[in-house]
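J.: Below you'll find the structure I mean.
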Amino acid sequence: MVRHHFNRSPLSGRQNLIQHSQTLTIPKPNQPFAVPLGFRFSSATAGIKASGSPDLALAEAVHGATAAAMFTTNRVSAAPLKVGKKHLAKTGGRLSAVVVNSGNANCATGNDGIRAAEKVCRAVADKLGC
């Protein structure tokens, strides 16, 4: 797995899974942009995309953040959306991290998809100490 890490966290002493950087450089189109203070970002090549391009991203709100989301009204909703909606309702709209994948819609996966999405959430929460 190839990882790309970016950080603008003012904290020190916390387990640092992400390297310090003032700007984030994306391989394509290779244009740096500012990373907001208090957030850490990471991307990885998890093997979801056949091209081998980065296909997984993590955004961490180091101090937690208030979040708002718009969810589909479609009768068919992917498991990660259902899990995310449940978590936002449970926390009153607070979050510590968001995981996003690319190259797979995660739709029509049923209970297996719900369990997989919850497993990802638990693994990220454990690593970040949430």
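In the structure tokens, the first chain shown is A, the next is B, and so on; residue numbers restart at 1 for each chain, and ligands run from 1 in the order shown.
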Need the shell around A:Asn104: protein/DNA/RNA residues with any atom at most 10 Å away, counting only C-alpha atoms. Skip same-chain ones fewer than 2 positions apart. Format as a PyMOL selection string?
T.: chain A and resi 48-49+55+101-102+106-107
J.: Would you save the residues of that selection, restricted to C-alpha atoms, as an mmCIF file, in the first residue's frame?
T.:
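This went into again_14.cif:
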data_model
loop_
_atom_site.group_PDB
_atom_site.id
_atom_site.type_symbol
_atom_site.label_atom_id
_atom_site.label_comp_id
_atom_site.auth_asym_id
_atom_site.auth_seq_id
_atom_site.Cartn_x
_atom_site.Cartn_y
_atom_site.Cartn_z
ATOM 1 C CA ILE A 48 -9.480 -0.630 -5.168
ATOM 2 C CA LYS A 49 -8.690 1.001 -8.528
ATOM 3 C CA ASP A 55 -8.104 5.339 -4.009
ATOM 4 C CA ASN A 101 -12.803 5.621 -1.126
ATOM 5 C CA SER A 102 -12.725 6.006 -4.881
ATOM 6 C CA ASN A 106 -20.082 0.252 -2.058
ATOM 7 C CA CYS A 107 -23.755 0.073 -3.074
#
J.: What does the distance from atom CA of A:Val62 to atom CA of A:Val98 come to in Å, to one decimal?
T.: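 Pair atom CA of A:Val62 / atom CA of A:Val98 returns 11.6 Å.
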J.: Write out as a list in words all residues of stretch 36-108 of chain A that DSSP puts in alpha helix (DSSP H) for this structure's backbone.
T.: Ala79, Pro80, Leu81, Lys82, Val83, Gly84, Lys85, Lys86, His87, Leu88, Ala89, Lys90 and Thr91 of chain A
J.: Store the residues picked out above, limited to all heavy atoms, as a tab-separated table (two decimals), in the first residue's frame.
T.:
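Writing done, so here's again.tsv:
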chain	number	residue	atom	x	y	z
A	79	ALA	N	-24.08	1.39	1.89
A	79	ALA	CA	-23.84	1.10	3.31
A	79	ALA	C	-23.06	2.20	4.02
A	79	ALA	O	-23.44	2.60	5.13
A	79	ALA	CB	-23.13	-0.25	3.45
A	80	PRO	N	-21.95	2.73	3.44
A	80	PRO	CA	-21.22	3.78	4.15
A	80	PRO	C	-22.07	5.03	4.40
A	80	PRO	O	-21.89	5.71	5.42
A	80	PRO	CB	-20.05	4.10	3.22
A	80	PRO	CG	-19.84	2.84	2.45
A	80	PRO	CD	-21.23	2.29	2.24
A	81	LEU	N	-23.01	5.33	3.52
A	81	LEU	CA	-23.90	6.47	3.75
A	81	LEU	C	-24.82	6.20	4.93
A	81	LEU	O	-25.05	7.08	5.77
A	81	LEU	CB	-24.72	6.79	2.51
A	81	LEU	CG	-23.92	7.29	1.31
A	81	LEU	CD1	-24.85	7.52	0.12
A	81	LEU	CD2	-23.17	8.56	1.64
A	82	LYS	N	-25.36	4.99	5.00
A	82	LYS	CA	-26.23	4.63	6.12
A	82	LYS	C	-25.48	4.69	7.44
A	82	LYS	O	-25.98	5.22	8.44
A	82	LYS	CB	-26.81	3.23	5.90
A	82	LYS	CG	-27.78	3.15	4.74
A	82	LYS	CD	-28.23	1.73	4.50
A	82	LYS	CE	-29.15	1.68	3.29
A	82	LYS	NZ	-29.57	0.31	2.97
A	83	VAL	N	-24.26	4.17	7.46
A	83	VAL	CA	-23.44	4.18	8.68
A	83	VAL	C	-23.06	5.61	9.05
A	83	VAL	O	-23.15	6.01	10.22
A	83	VAL	CB	-22.19	3.29	8.51
A	83	VAL	CG1	-21.22	3.47	9.65
A	83	VAL	CG2	-22.60	1.82	8.38
A	84	GLY	N	-22.67	6.41	8.07
A	84	GLY	CA	-22.32	7.81	8.33
A	84	GLY	C	-23.49	8.60	8.88
A	84	GLY	O	-23.35	9.38	9.83
A	85	LYS	N	-24.65	8.39	8.31
A	85	LYS	CA	-25.85	9.09	8.77
A	85	LYS	C	-26.15	8.70	10.23
A	85	LYS	O	-26.46	9.55	11.06
A	85	LYS	CB	-27.03	8.73	7.86
A	85	LYS	CG	-28.28	9.51	8.11
A	85	LYS	CD	-29.33	9.16	7.05
A	85	LYS	CE	-30.54	10.06	7.17
A	85	LYS	NZ	-31.52	9.77	6.12
A	86	LYS	N	-26.03	7.41	10.54
A	86	LYS	CA	-26.28	6.92	11.90
A	86	LYS	C	-25.26	7.53	12.88
A	86	LYS	O	-25.64	7.99	13.97
A	86	LYS	CB	-26.18	5.40	11.93
A	86	LYS	CG	-26.41	4.78	13.31
A	86	LYS	CD	-26.26	3.28	13.28
A	86	LYS	CE	-24.79	2.93	13.38
A	86	LYS	NZ	-24.52	1.51	13.56
A	87	HIS	N	-24.00	7.57	12.49
A	87	HIS	CA	-22.96	8.12	13.37
A	87	HIS	C	-23.15	9.61	13.61
A	87	HIS	O	-22.98	10.08	14.73
A	87	HIS	CB	-21.58	7.85	12.79
A	87	HIS	CG	-21.16	6.41	12.91
A	87	HIS	ND1	-19.98	5.94	12.41
A	87	HIS	CD2	-21.78	5.35	13.47
A	87	HIS	CE1	-19.89	4.66	12.66
A	87	HIS	NE2	-20.97	4.27	13.30
A	88	LEU	N	-23.51	10.36	12.57
A	88	LEU	CA	-23.75	11.80	12.77
A	88	LEU	C	-24.94	12.03	13.69
A	88	LEU	O	-24.90	12.93	14.54
A	88	LEU	CB	-23.98	12.49	11.43
A	88	LEU	CG	-22.73	12.84	10.64
A	88	LEU	CD1	-23.10	13.46	9.29
A	88	LEU	CD2	-21.82	13.77	11.41
A	89	ALA	N	-25.98	11.23	13.55
A	89	ALA	CA	-27.14	11.37	14.43
A	89	ALA	C	-26.76	11.03	15.88
A	89	ALA	O	-27.16	11.72	16.81
A	89	ALA	CB	-28.28	10.48	13.95
A	90	LYS	N	-25.97	9.98	16.05
A	90	LYS	CA	-25.58	9.53	17.38
A	90	LYS	C	-24.68	10.54	18.09
A	90	LYS	O	-24.76	10.70	19.31
A	90	LYS	CB	-24.85	8.19	17.27
A	90	LYS	CG	-24.48	7.55	18.58
A	90	LYS	CD	-23.83	6.20	18.36
A	90	LYS	CE	-23.42	5.57	19.67
A	90	LYS	NZ	-22.81	4.25	19.46
A	91	THR	N	-23.83	11.25	17.35
A	91	THR	CA	-22.88	12.20	17.95
A	91	THR	C	-23.40	13.63	17.95
A	91	THR	O	-22.68	14.54	18.35
A	91	THR	CB	-21.54	12.18	17.19
A	91	THR	OG1	-21.75	12.63	15.85
A	91	THR	CG2	-20.92	10.80	17.20
J.: Using only C-alpha atoms for the distances, tell me which of A:Ser42, A:Thr66, A:Ser77, A:Asn111 is nearest to A:Gly93.
T.: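 For A:Gly93, the nearest of the candidates is A:Thr66.
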J.: Would you give me, as a list in words, the residues in stretch 66-96 of chain A that DSSP reads as strand (DSSP E)?
T.: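 Output for stretch 66-96 of chain A, strand (DSSP E) only: Thr66, Arg94, Leu95 and Ser96 of chain A.
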J.: Which of these residues is nearest to A:Ala116, using only C-alpha atoms: A:Leu58, A:Ala78, A:Arg94, A:Gly129?
T.: A:Ala78
J.: Quick check, in Å to one decimal: how far apart do atom CA of A:Met70 and atom CA of A:Ala44 lie?
T.: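 Rounded to one decimal, the two atoms are 25.5 Å apart.
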J.: Have a look at atom CA of A:Gly38 and atom CA of A:Ala97 and let me know their distance in Å, one decimal.
T.: 11.9 Å
